[in-house]
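With compact mmCIF, C-alpha atoms inside, this is start.txt:
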```txt
# COMPACT_ATOMS: atom_id res chain seq x y z
CA MET A 25 -29.24 4.30 93.49
CA ASP A 26 -31.06 6.97 91.49
CA LEU A 27 -27.85 8.99 91.10
CA ASP A 28 -26.08 6.07 89.45
CA ARG A 29 -28.59 5.71 86.60
CA PRO A 30 -27.73 8.97 84.74
CA LEU A 31 -24.05 8.13 84.96
CA THR A 32 -24.53 4.72 83.47
CA SER A 33 -26.77 6.10 80.70
CA GLU A 34 -24.17 8.73 79.76
CA ILE A 35 -21.48 6.06 79.73
CA ASP A 36 -23.67 3.91 77.43
CA GLU A 37 -24.41 6.84 75.10
CA GLN A 38 -20.73 7.76 74.50
CA PRO A 39 -19.80 4.60 72.51
CA SER A 40 -22.89 5.00 70.35
CA VAL A 41 -22.02 8.63 69.62
CA LEU A 42 -18.45 7.71 68.80
CA SER A 43 -19.52 4.87 66.57
CA GLY A 44 -21.94 7.20 64.80
CA LYS A 45 -19.21 9.77 64.19
CA VAL A 46 -16.92 7.03 62.92
CA LEU A 47 -19.59 5.80 60.55
CA VAL A 48 -20.24 9.31 59.30
CA LYS A 49 -16.53 9.88 58.70
CA PHE A 50 -16.26 6.50 57.03
CA GLN A 51 -19.19 7.35 54.75
CA ASP A 52 -17.57 10.67 53.90
CA VAL A 53 -14.27 8.95 53.10
CA VAL A 54 -16.02 6.34 50.97
CA THR A 55 -18.00 9.05 49.16
CA MET A 56 -14.87 11.09 48.50
CA ALA A 57 -13.03 7.98 47.30
CA MET A 58 -15.89 7.05 44.97
CA MET A 59 -16.03 10.58 43.61
CA TRP A 60 -12.24 10.54 43.08
CA LEU A 61 -12.37 7.17 41.37
CA ARG A 62 -15.28 8.29 39.20
CA ARG A 63 -13.45 11.46 38.24
CA ARG A 64 -10.27 9.52 37.45
CA ALA A 65 -12.22 6.95 35.46
CA SER A 66 -13.93 9.65 33.39
CA GLN A 67 -10.60 11.40 32.80
CA GLY A 68 -8.95 8.11 31.85
CA PHE A 69 -11.78 7.31 29.46
CA VAL A 70 -11.47 10.72 27.81
CA VAL A 71 -7.68 10.36 27.50
CA PHE A 72 -7.97 6.83 26.14
CA SER A 73 -10.64 7.87 23.62
CA PHE A 74 -8.52 10.80 22.50
CA LEU A 75 -5.40 8.66 22.12
CA PHE A 76 -7.38 6.04 20.20
CA LEU A 77 -8.74 8.75 17.88
CA LEU A 78 -5.23 10.10 17.24
CA LEU A 79 -3.92 6.59 16.58
CA TRP A 80 -6.77 5.90 14.16
CA LEU A 81 -6.14 9.18 12.32
CA ALA A 82 -2.40 8.42 12.11
CA THR A 83 -3.10 4.96 10.70
CA PHE A 84 -5.63 6.32 8.23
CA LEU A 85 -3.21 8.99 6.98
CA TYR A 86 -0.42 6.45 6.51
CA GLY A 87 -2.71 3.98 4.71
CA SER A 88 -4.00 6.71 2.39
CA PHE A 89 -0.44 7.77 1.58
CA TYR A 90 0.69 4.17 0.99
CA TYR A 91 -2.11 3.21 -1.40
CA SER A 92 -1.88 6.47 -3.32
CA TYR A 93 1.93 6.47 -3.59
CA MET A 94 2.73 2.78 -4.11
CA PRO A 95 1.94 1.33 -7.56
CA LYS A 96 1.06 -2.27 -8.21
CA ALA A 97 4.17 -4.42 -7.80
CA THR A 98 3.35 -7.26 -10.21
CA PHE A 99 0.83 -7.84 -12.95
CA SER A 100 0.25 -10.93 -15.05
CA THR A 101 -2.29 -11.60 -17.76
CA PRO A 102 -2.69 -14.13 -20.57
CA VAL A 103 -2.35 -12.80 -24.12
CA HIS A 104 -4.03 -14.19 -27.19
CA TYR A 105 -2.25 -14.50 -30.50
CA TYR A 106 -3.17 -14.85 -34.14
CA TYR A 107 -1.39 -15.64 -37.40
CA ARG A 108 -0.68 -12.85 -39.88
CA CYS A 109 1.06 -12.88 -43.25
CA VAL A 110 2.42 -9.85 -45.04
CA TYR A 111 2.93 -10.36 -48.77
CA ASN A 112 5.21 -8.33 -51.00
CA ILE A 113 6.73 -8.72 -54.45
CA TRP A 114 9.59 -10.97 -53.39
CA SER A 115 8.23 -13.08 -50.56
CA ALA A 116 5.63 -13.49 -47.86
CA VAL A 117 6.41 -12.93 -44.19
CA CYS A 118 4.18 -14.82 -41.77
CA VAL A 119 4.38 -14.11 -38.04
CA TRP A 120 2.47 -14.81 -34.86
CA VAL A 121 1.03 -11.61 -33.37
CA LEU A 122 0.12 -11.16 -29.71
CA CYS A 123 -1.85 -8.10 -28.61
CA PHE A 124 -2.05 -6.67 -25.13
CA SER A 125 -3.84 -3.61 -23.74
CA PHE A 126 -2.08 -1.53 -21.08
CA VAL A 127 -5.37 -0.03 -19.98
CA ILE A 128 -5.96 -3.09 -17.80
CA CYS A 129 -2.94 -2.65 -15.52
CA VAL A 130 -2.61 1.20 -15.59
CA LEU A 131 1.14 1.75 -15.43
CA THR A 132 2.31 4.45 -13.02
CA PHE A 133 4.08 7.37 -14.61
CA GLY A 134 7.77 7.64 -13.73
CA GLN A 135 8.00 4.05 -12.44
CA ALA A 136 10.39 1.61 -14.15
CA TYR A 137 8.93 -1.79 -15.10
CA GLN A 138 10.37 -5.06 -16.35
CA ILE A 139 8.12 -6.59 -19.01
CA THR A 140 8.59 -10.30 -19.68
CA LEU A 141 6.85 -12.64 -22.10
CA GLN A 142 6.42 -16.19 -20.83
CA LEU A 143 5.84 -18.80 -23.53
CA GLU A 144 4.64 -22.31 -22.82
CA MET A 145 6.10 -24.35 -25.69
CA PRO A 146 5.96 -28.10 -26.37
CA ASP A 147 9.29 -29.90 -26.39
CA SER A 148 8.63 -31.10 -29.92
CA PRO A 149 11.10 -31.82 -32.75
CA THR A 150 9.76 -28.78 -34.63
CA ASN A 151 10.63 -26.42 -31.82
CA GLN A 152 13.96 -28.15 -31.24
CA GLU A 153 14.91 -27.70 -34.90
CA LEU A 154 13.64 -24.13 -34.89
CA GLY A 155 16.60 -22.79 -32.96
CA MET A 156 16.52 -19.11 -32.12
CA PHE A 157 13.53 -16.95 -32.97
CA MET A 158 13.06 -13.20 -32.74
CA ILE A 159 10.35 -11.38 -30.81
CA LYS A 160 9.56 -7.78 -31.72
CA THR A 161 7.55 -5.60 -29.34
CA THR A 162 6.00 -2.26 -30.26
CA CYS A 163 4.05 0.01 -27.89
CA PHE A 164 1.49 2.44 -29.25
CA SER A 165 -0.26 5.41 -27.70
CA GLN A 166 -3.97 6.15 -27.85
CA ASP A 167 -3.65 8.16 -31.07
CA GLY A 168 -1.76 5.30 -32.79
CA GLY A 169 1.75 6.72 -32.50
CA GLN A 170 4.69 4.46 -31.71
CA VAL A 171 6.02 5.03 -28.19
CA ALA A 172 8.66 2.32 -27.72
CA SER A 173 9.95 -0.81 -29.44
CA SER A 174 12.36 -3.64 -28.74
CA SER A 175 13.65 -6.84 -30.37
CA ARG A 176 14.66 -9.87 -28.32
CA SER A 177 15.61 -13.46 -29.13
CA GLY A 178 14.52 -16.70 -27.50
CA MET A 179 14.95 -20.43 -27.86
CA LEU A 180 14.30 -23.72 -26.09
CA ARG A 181 16.80 -25.14 -23.62
CA TYR A 182 19.13 -27.64 -25.25
CA GLN A 183 18.85 -31.27 -24.21
CA SER A 184 20.90 -34.09 -25.66
CA GLU A 185 19.27 -37.25 -26.98
CA LEU A 186 20.56 -39.30 -24.04
CA LEU A 187 19.29 -36.81 -21.46
CA ARG A 188 15.91 -36.58 -23.19
CA ALA A 189 15.60 -40.37 -23.28
CA LEU A 190 16.53 -40.72 -19.60
CA GLY A 191 14.03 -38.00 -18.64
CA THR A 192 11.28 -39.67 -20.64
CA MET A 193 11.94 -43.03 -18.97
CA LEU A 194 12.05 -41.44 -15.50
CA PHE A 195 8.82 -39.46 -15.87
CA LEU A 196 7.06 -42.08 -17.99
CA PRO A 197 4.31 -42.80 -15.39
CA ALA A 198 3.62 -39.07 -15.03
CA PHE A 199 3.47 -38.65 -18.81
CA LEU A 200 1.10 -41.61 -19.19
CA SER A 201 -1.23 -40.34 -16.45
CA SER A 202 -1.19 -36.76 -17.86
CA VAL A 203 0.25 -35.39 -14.62
CA ALA A 204 3.24 -33.94 -16.48
CA GLU A 205 3.81 -32.83 -20.06
CA GLU A 206 6.81 -32.60 -22.32
CA LYS A 207 7.02 -28.83 -22.46
CA GLN A 208 9.29 -25.95 -21.54
CA MET A 209 8.64 -22.48 -20.17
CA VAL A 210 10.60 -19.90 -22.15
CA GLU A 211 10.86 -16.41 -20.65
CA VAL A 212 11.91 -13.55 -22.90
CA GLU A 213 12.60 -10.13 -21.40
CA LEU A 214 10.94 -7.59 -23.69
CA PHE A 215 11.85 -4.45 -21.70
CA SER A 216 14.30 -4.32 -18.82
CA GLU A 217 13.33 -0.84 -17.54
CA TYR A 218 10.26 0.47 -19.28
CA THR A 219 9.03 3.89 -18.12
CA ASP A 220 5.70 5.19 -19.34
CA ASP A 221 5.59 8.72 -20.74
CA PRO A 222 2.94 10.87 -18.98
CA TYR A 223 2.46 13.03 -22.10
CA SER A 224 2.02 10.03 -24.42
CA PRO A 225 1.09 6.96 -22.33
CA SER A 226 1.09 3.50 -23.86
CA THR A 227 -2.32 1.94 -24.35
CA THR A 228 -1.55 -1.04 -26.61
CA ALA A 229 1.41 -3.37 -27.12
CA VAL A 230 1.86 -5.60 -30.16
CA VAL A 231 4.24 -8.54 -29.78
CA GLU A 232 5.31 -10.24 -33.01
CA ILE A 233 7.03 -13.64 -33.02
CA LEU A 234 9.00 -13.65 -36.26
CA SER A 235 8.60 -17.31 -37.06
CA LYS A 236 5.83 -19.25 -38.76
CA LYS A 237 6.96 -22.71 -37.59
CA ILE A 238 6.97 -22.05 -33.86
CA GLN A 239 4.54 -24.05 -31.72
CA ILE A 240 3.04 -22.42 -28.61
CA TYR A 241 0.64 -23.75 -26.00
CA SER A 242 -0.04 -20.42 -24.29
CA ALA A 243 1.52 -17.01 -23.72
CA GLN A 244 1.56 -14.85 -20.61
CA LEU A 245 2.74 -11.28 -20.16
CA GLN A 246 4.28 -10.42 -16.80
CA ILE A 247 5.05 -6.92 -15.53
CA HIS A 248 7.28 -6.37 -12.49
CA ALA A 249 7.94 -2.96 -10.94
CA HIS A 250 11.52 -2.01 -10.05
CA PHE A 251 11.20 0.01 -6.84
CA THR A 252 13.88 2.46 -5.76
CA GLY A 253 14.24 4.99 -2.97
CA LEU A 254 11.24 5.40 -0.68
CA ARG A 255 9.13 2.90 -2.61
CA TYR A 256 11.83 0.27 -2.12
CA LEU A 257 11.71 0.77 1.65
CA LEU A 258 7.91 0.75 1.76
CA PHE A 259 7.66 -2.47 -0.27
CA TYR A 260 10.52 -4.56 1.11
CA PHE A 261 10.27 -3.37 4.76
CA PRO A 262 6.51 -3.04 5.30
CA VAL A 263 6.44 -3.57 9.10
CA THR A 264 9.24 -1.11 9.85
CA SER A 265 7.82 1.45 7.42
CA THR A 266 4.35 1.11 8.96
CA LEU A 267 5.67 1.60 12.52
CA VAL A 268 7.75 4.63 11.52
CA GLY A 269 4.96 6.19 9.45
CA VAL A 270 2.18 5.71 12.02
CA SER A 271 4.45 6.86 14.88
CA SER A 272 5.47 10.00 12.98
CA ASN A 273 1.85 10.87 12.20
CA PHE A 274 0.81 10.20 15.80
CA ILE A 275 3.57 12.43 17.22
CA PHE A 276 2.77 15.22 14.75
CA LEU A 277 -0.97 15.10 15.54
CA SER A 278 -0.28 15.02 19.30
CA ILE A 279 2.00 18.08 19.12
CA LEU A 280 -0.54 19.91 16.98
CA PHE A 281 -3.32 19.19 19.46
CA LEU A 282 -1.21 20.17 22.47
CA LEU A 283 -0.28 23.47 20.87
CA SER A 284 -3.91 24.18 20.01
CA TYR A 285 -5.07 23.25 23.52
CA THR A 286 -2.36 25.37 25.15
CA ARG A 287 -3.30 28.34 22.97
CA LEU A 288 -6.92 27.89 23.97
CA LEU A 289 -6.08 27.75 27.68
CA LEU A 290 -3.85 30.80 27.59
CA GLY A 291 -6.65 32.74 25.92
CA VAL A 292 -4.53 34.34 23.24
CA ASP A 293 -6.54 36.91 21.38
CA GLN A 294 -6.79 35.90 17.75
CA ASN A 295 -7.97 39.37 16.62
CA PRO A 296 -5.85 42.04 18.38
CA GLN A 297 -7.03 45.65 18.23
CA PRO A 298 -5.21 47.84 15.72
CA VAL A 299 -2.49 50.06 17.19
CA ARG A 300 -3.15 53.73 16.81
CA SER A 301 -0.63 55.58 14.65
CA ARG A 302 1.58 58.14 16.35
CA SER A 303 1.05 60.67 13.58
CA GLN A 304 -2.70 60.68 14.16
CA PRO A 305 -3.58 63.48 16.63
CA PRO A 306 -5.66 62.56 19.65
CA SER A 307 -9.30 63.30 19.47
CA ALA A 308 -10.16 66.70 20.95
CA LEU A 309 -12.40 66.91 23.94
CA VAL A 310 -15.30 69.31 23.47
CA LEU A 311 -16.42 70.98 26.70
CA THR A 312 -19.75 72.68 26.79
CA THR A 313 -20.64 75.16 29.46
CA SER A 314 -24.11 75.96 30.35
```
Target encoding structure tokens, full file:
Amino acid sequence: MDLDRPLTSEIDEQPSVLSGKVLVKFQDVVTMAMMWLRRRASQGFVVFSFLFLLLWLATFLYGSFYYSYMPKATFSTPVHYYYRCVYNIWSAVCVWVLCFSFVICVLTFGQAYQITLQLEMPDSPTNQELGMFMIKTTCFSQDGGQVASSSRSGMLRYQSELLRALGTMLFLPAFLSSVAEEKQMVEVELFSEYTDDPYSPSTTAVVEILSKKIQIYSAQLQIHAHFTGLRYLLFYFPVTSTLVGVSSNFIFLSILFLLSYTRLLLGVDQNPQPVRSRSQPPSALVLTTS
């Protein structure tokens, strides 16, 4: 009976030893897996941070280029007018004068603009009998020199008596409640393609309405840019232009970084030693004997 006890104890110890070895191996596997996952997570975080930095730089470069290259597309401002009469020996010429300063909108040099004058005029008998009227525009530089000038004509839209009466009867409730008014918006194109001179930029524009009987509620000057070439694509296709511009910057920055990183890994010497000239004789060895 005493001989059987060691055998049974050894048999009981073997499963415990095996289970201990299995646990140790399992702990080693778990530790190695955690270390691998931690290493992969740190590498993924570094790669993601680097890609995000490149994407941010690409977007910043494209945005800086867009806002520095693209001028303002439209500009609108009200203009104030006054009455001026010029007397001479034969007659007196009285006109309405509207002044506008170009310093407010800052026209881009080399960009073509369409300048339009929008007049809000009452549909009164005086304006109907006025017919056509002339509008003269003169642009001046800062030193007072004349840069550009134009003369355009304008008039109210014709409406017959029957059509005017039917319109008045139809919109009578709106007219009585002041929701609508009997007026017309007259647009006169002052310049079709105005380009500012960089050597003598325009700072002031004087618009003269050559009629003393005209009646005006208000006047508004509108400036529209005519984009061509790259500016046309950037303005009318903003999403496509943004994707192409940001992608191009991102690819360029990525290639630049990869080349720099590869050069750093290869350990290319940036300052190579100068090559000795063949014509220079080798230095003589001096031997001393004691």
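You can rank A:Leu214, A:Met209, A:Ile159, A:Leu196 by their closest distance to Leu180 (chain A) using only C-alpha atoms, and at the top of that list sits A:Met209.
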*To one decimal place, how far is CA of Ile233 (chain A) from CA of Gln246 (chain A) in Å?*
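Pair CA of Ile233 (chain A) / CA of Gln246 (chain A) returns 16.8 Å.
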*With distances taken over all atoms listed in the file, which of A:Ser92, A:Ser265, A:Ser66, A:Ser226 is nearest to Phe164 (chain A)?*
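Comparing A:Ser92, A:Ser265, A:Ser66, A:Ser226 against Phe164 (chain A), the winner is A:Ser226.
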*CA of Ile275 (chain A) and CA of Phe251 (chain A) are how many Å apart?*
28.1 Å
*Find the residue from A:Ala57, A:Arg181, A:Phe74, A:Met158 that sits nearest to Lys236 (chain A); use only C-alpha atoms when measuring.*
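Distance minimum relative to Lys236 (chain A) lands on A:Met158.
CA of Ile139 (chain A) to CA of Ser224 (chain A) spans 18.5 Å [interatomic distance, one decimal].
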*Could you tell me, as a VMD selection string, which residues have any atom at most 9 Å from (-1.1, 11.9, 17.9), counting all atoms listed in the file?*
chain A and resid 74 to 79 81 to 82 271 to 281
*Can you tell me, as a PyMOL selection string, which residues sit within 12 Å of (9.2, -17.4, -17.6) in the file's frame, using only C-alpha atoms?*
chain A and resi 100+139-145+178+180+208-214+242-247
*Which residues come within 9 Å of region 131-135 of chain A, counting all atoms listed in the file, excluding same-chain residues fewer than 6 positions away, as a count of residues only?*
13
*Could you check which of A:Gln152, A:Pro146, A:Ser284, A:Phe89 is closest to Thr266 (chain A), using all atoms listed in the file?*
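Checking each of A:Gln152, A:Pro146, A:Ser284, A:Phe89 against Thr266 (chain A), counting all atoms listed in the file, the winner is A:Phe89.
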*Please identify all polymer residues within 8 Å of Ile238 (chain A), counting all atoms listed in the file, omitting same-chain residues fewer than 4 positions from it, and present them as a list in words.*
Thr150, Asn151 and Leu154 of chain A
For the residues in the current selection, export C-alpha atoms as a PDB file, keeping the file's coordinate frame.
```pdb
ATOM      1  CA  THR A 150       9.760 -28.780 -34.630  1.00  0.00           C
ATOM      2  CA  ASN A 151      10.630 -26.420 -31.820  1.00  0.00           C
ATOM      3  CA  LEU A 154      13.640 -24.130 -34.890  1.00  0.00           C
TER       4      LEU A 154
END
```
